[in-house]
Amino acid sequence: MPPEKDYTGIMEQLGLTQSEADLRLEKYGSNDVEEQKVSFFKTYITPLFSPISLMLLGAAVLSRIDGRIFDFYFILFLYVVNYSIQKWQEFKADKAIKELRDKLSFDVHVLRDGKWGFVNAKKLVPGDRIRLGLGSIIPADGTVVASKNLSVNEAVLTGESMPKDKKTGDKIFSGAFIATGSLEADVTATGKNTSFGKTIFSIEKSTEKSILEKDILRITRFLTIAAVFAVLLLSTVLLLRGYAWSDLLTLDLSLVIAGIPVALPAVMAIILSIGAAGLAKKLVVVRRLSALQDLANVNMVLSDKTGTLTKNEISVMNVLSYRHALQGEDVLRLAKYATAAETPDAIDTAIIKKLEEMHAPADEGRVTDFIPYDSDRKRTTAMVEEQGKRFVVSMGASQVIQGLGGFDTPEMEKSFEEDIARAAQGGFRVLAVAVREGDIKEEGMSVIGLIFLADPLDETSKETIQFMRENGIGVKMVTGDNKVIAERIANELDMPGRVLSEKETKAFYQDPKAVKEQAADIAVFAEILPKDKYELVRAFRDDGYVVASTGDGINDLPALKTANVGIAVAGAVSALKSLADIVLLGRGISVIKDAIIESRKIFVRLYNYSVYRISESFRLIVTILILGIAYGFYPLEPLQIILLAFLNDLPIISLAFDRVKISPKPSSIQPARRLGLSVMYGVVGTMNSLVMFFVIMNVLHMPLGVVQTMFFLKLMVSGHMLIFVAHTKERWWRFLPSHQVIIATLTTQVVATALAVTGFMMPAPISLGAASFVWIWSLAWMQLTEFSKDVQEWWLRRHGLPV
């Protein structure tokens, strides 16, 4: 429902009554932009009936019907563990988001029932009269009804770092803040009805999966099809040989569960969560875990200028003197008298800070009278007494100060005008300073200096951009500033290339061929509007780039939601933080470097896991299929198959801490290489399993129960040895996994050995000698698996594929 537009009937001296405010709060809702809530059913009930969950439940039910009580409870236990891990990760993510939102709550000075008091910003309603001072965030849209020396910083809305003057009758917008002075305003819109809120609600929530998530789903589908095909073929053969339906169904479900990566979602979430926890220590909050996967693939960053590459603060960049007896420090010291000492604005603060950096001596004079800046005078003026002398100092717009007097020499006036032109060409804002000694009058003054102001670069921006270039990531600056300012910033950042104007930018993203043909030659897109930034992101994505977009204001929202990875930098508005994929708490974009490094590590770890999981599932499915057809029975019991699948995935969690070597280029899945490597490992593993089963069954003539136990142990030990081989392109003994992985794999192997020797949950116990035989056999075949890398490398080189 749109807000009321006319509140002239409100009694100005009384404000709203509390009862009227309560009614309006009920009518318009909270002054907050809340995310859509997910239903209880979708959050907690739907995951209980996922395909994997239903298969586990089916296996449990069939085990109960068949009288295998222990199997029934153990499978239910695995089901609960899988569900609990998933819900725990979601709980931690939701908690982090809530903490972010809670930090943004604040109180506002509001007139109600004829009294001024503090009310939480979320309780504001249209018609409230509010009072805000220097530095206050504007909590809702409104109209100024009274002001004093007022200017508002709207960088979060427009991207422009310099504050804008406001006067009675002007509009103010939620999300901006008071740069100078104070105001009283009538609230006209709150919550989703503000300009800020409408922008947020106009953005469609993105449900697109990451590149790696899509790949994992393809893996799951591939393994599911393979497992189902094997089950159907083997079931047909065994049914023809008189196998009981009840036993066959349980075994079939067990094989499907073992063949499909049951723990894959949990393992992936844990690896990502641990990586995100590590980044949190480096001031990076990951809101969408899968964004870490996409960040590893990013090859184009479209970076906002204000507050991202720059500090979003006004700084003194240079001071020029037009009087021979005065240095730049002297000009700045005199200018300080013309600053508002009690309520300094951004410019006053910049002058004071610069003097502190120059270690200037303390002031020896005192201000006897002070006239603050206003939109009509466009200057501040101070009357000063210093060491028995009286003088007046004025500071303001160059043309205004120049009109108050002259220069000591014509040459100085010429230099002044040339410097003004140079400042304009360099994109600097300038303030002029003039003084008059003796008579306290603002006429016949002498112009003594110019102060150059700008939004300076963040100290780490240049280094971060260089890091991105070296790591195969293109960086383009996107700004609403004019070309002059954009060119200066680009030069300071050592960003070679063209700077496009608004018109040129539109032509660029409207031409389907432009991205491919011109992107490499462009450094900056200048003078753009929020829609242009969104269109740029879309154009780069359409051309095949994996795009990350950074920003800090409401104007960046559409672009961030369209990008593969949306990054909110430090100081970003709350709504941007709640919608971005990644939130940087450290200033500037330097922390992106940590995020990229960590994301590439995570990508390699998940890639290695996928190689291991495909090869393991391939080995298990093909081995059981061949042995089932050859011998007419399953070589493992249902509980052994499920236990094998569970124990195989437990140490994979430790891959979150694994040692990996990352590429200096954006990560790529290389499905051909991955499939070839996985199948190669799987073929070697299948040969290993078939030969050993034949030896212990047909050569050594072991009892069937002992054969099944030894075969279970062999699959367990060999499978975990594959982790050592698959985690590196080098020889496994030259680049060992981290100690966490080594401990985890050895622990599960020892547990499997203990189960086999004691016979617990096994068809029959085996001797220590038989267990030793399995270990030696597995270690020998591990070396054959290692040297299969050479075969795959030869095949890739022969077919011209990347190694």
# chains A, B, ... in the order shown; residues from 1 in each chain; ligands from 1
$ residues_around --residues "Ser778 of chain A" --least-positions-apart "3" --cutoff "6 Å" --atoms "only C-alpha atoms" --output "PyMOL selection string"
chain A and resi 718+775+781
$ select_by_dssp --residues "segment 676-792 of chain A" --states "alpha helix (DSSP H)" --output "count of residues only"
87
$ residues_around --residues "Leu431 of chain A" --least-positions-apart "5" --cutoff "9 Å" --atoms "only C-alpha atoms" --output "ChimeraX atom specification"
/A:395-398,401,449-453
$ closest_residue --among "A:Asn149, A:Gln293, A:Asn648, A:Ser303" --to "Asp345 of chain A" --atoms "only C-alpha atoms"
A:Asn149
$ residues_around --residues "Asp408 of chain A" --least-positions-apart "2" --cutoff "9 Å" --atoms "only C-alpha atoms" --output "count of residues only"
10
$ select_by_dssp --residues "segment 329-467 of chain A" --states "strand (DSSP E or B)" --output "PyMOL selection string"
chain A and resi 365-371+379-386+389-396+405-406+429-437+445-454+457
$ residues_around --residues "Asp330 of chain A" --least-positions-apart "3" --cutoff "10 Å" --atoms "only C-alpha atoms" --output "short mmCIF file (atom, residue, chain, number, x, y, z; two decimals) with N, CA and C atoms, in the first residue's frame"
data_model
loop_
_atom_site.label_atom_id
_atom_site.label_comp_id
_atom_site.auth_asym_id
_atom_site.auth_seq_id
_atom_site.Cartn_x
_atom_site.Cartn_y
_atom_site.Cartn_z
N VAL A 319 48.21 21.35 -1.25
CA VAL A 319 47.96 22.73 -0.83
C VAL A 319 48.95 23.64 -1.58
N SER A 321 50.33 27.69 -2.28
CA SER A 321 50.39 29.03 -1.69
C SER A 321 50.61 30.07 -2.79
N ALA A 325 55.73 34.49 1.31
CA ALA A 325 56.11 34.30 2.71
C ALA A 325 55.42 33.10 3.37
N LEU A 326 54.48 32.48 2.64
CA LEU A 326 53.71 31.39 3.23
C LEU A 326 53.98 30.06 2.52
N GLN A 327 54.10 29.01 3.32
CA GLN A 327 54.19 27.65 2.79
C GLN A 327 52.79 27.02 2.81
N ARG A 333 47.09 26.02 8.00
CA ARG A 333 46.91 26.43 9.40
C ARG A 333 45.93 27.60 9.51
N LEU A 334 46.03 28.55 8.56
CA LEU A 334 45.08 29.67 8.55
C LEU A 334 43.68 29.19 8.18
N ALA A 335 43.61 28.23 7.25
CA ALA A 335 42.31 27.70 6.85
C ALA A 335 41.61 27.01 8.01
N LYS A 336 42.40 26.42 8.91
CA LYS A 336 41.81 25.72 10.05
C LYS A 336 40.96 26.66 10.91
N LEU A 355 46.80 18.56 8.85
CA LEU A 355 47.71 19.30 9.72
C LEU A 355 48.38 18.38 10.73
N ALA A 360 51.99 19.97 12.35
CA ALA A 360 51.96 21.43 12.45
C ALA A 360 51.87 21.86 13.92
N ILE A 448 45.35 33.67 -0.65
CA ILE A 448 46.68 33.16 -0.25
C ILE A 448 46.91 31.70 -0.63
N GLY A 449 45.84 30.97 -1.00
CA GLY A 449 46.11 29.57 -1.30
C GLY A 449 44.91 28.79 -1.82
#
$ atom_distance --atom1 "atom CA of Val125 of chain A" --atom2 "atom CA of Leu557 of chain A"
24.8 Å
$ closest_residue --among "A:Thr310, A:Ser195, A:Thr758, A:Gln792" --to "Ser678 of chain A" --atoms "only C-alpha atoms"
A:Gln792
$ closest_residue --among "A:Pro512, A:Gly682, A:Gly769, A:Pro664" --to "Leu722 of chain A" --atoms "only C-alpha atoms"
A:Gly682
$ residues_around --residues "Lys593 of chain A" --least-positions-apart "6" --cutoff "8 Å" --atoms "only C-alpha atoms" --output "list in words"
Thr464, Phe467 and Met468 of chain A
$ closest_residue --among "A:Leu639, A:Met300, A:Ala434, A:Ala630" --to "Leu76 of chain A" --atoms "only C-alpha atoms"
A:Leu639
$ residues_around --residues "Ser549 of chain A" --least-positions-apart "6" --cutoff "8 Å" --atoms "only C-alpha atoms" --output "ChimeraX atom specification"
/A:301-304,537,559-560,563,565-567
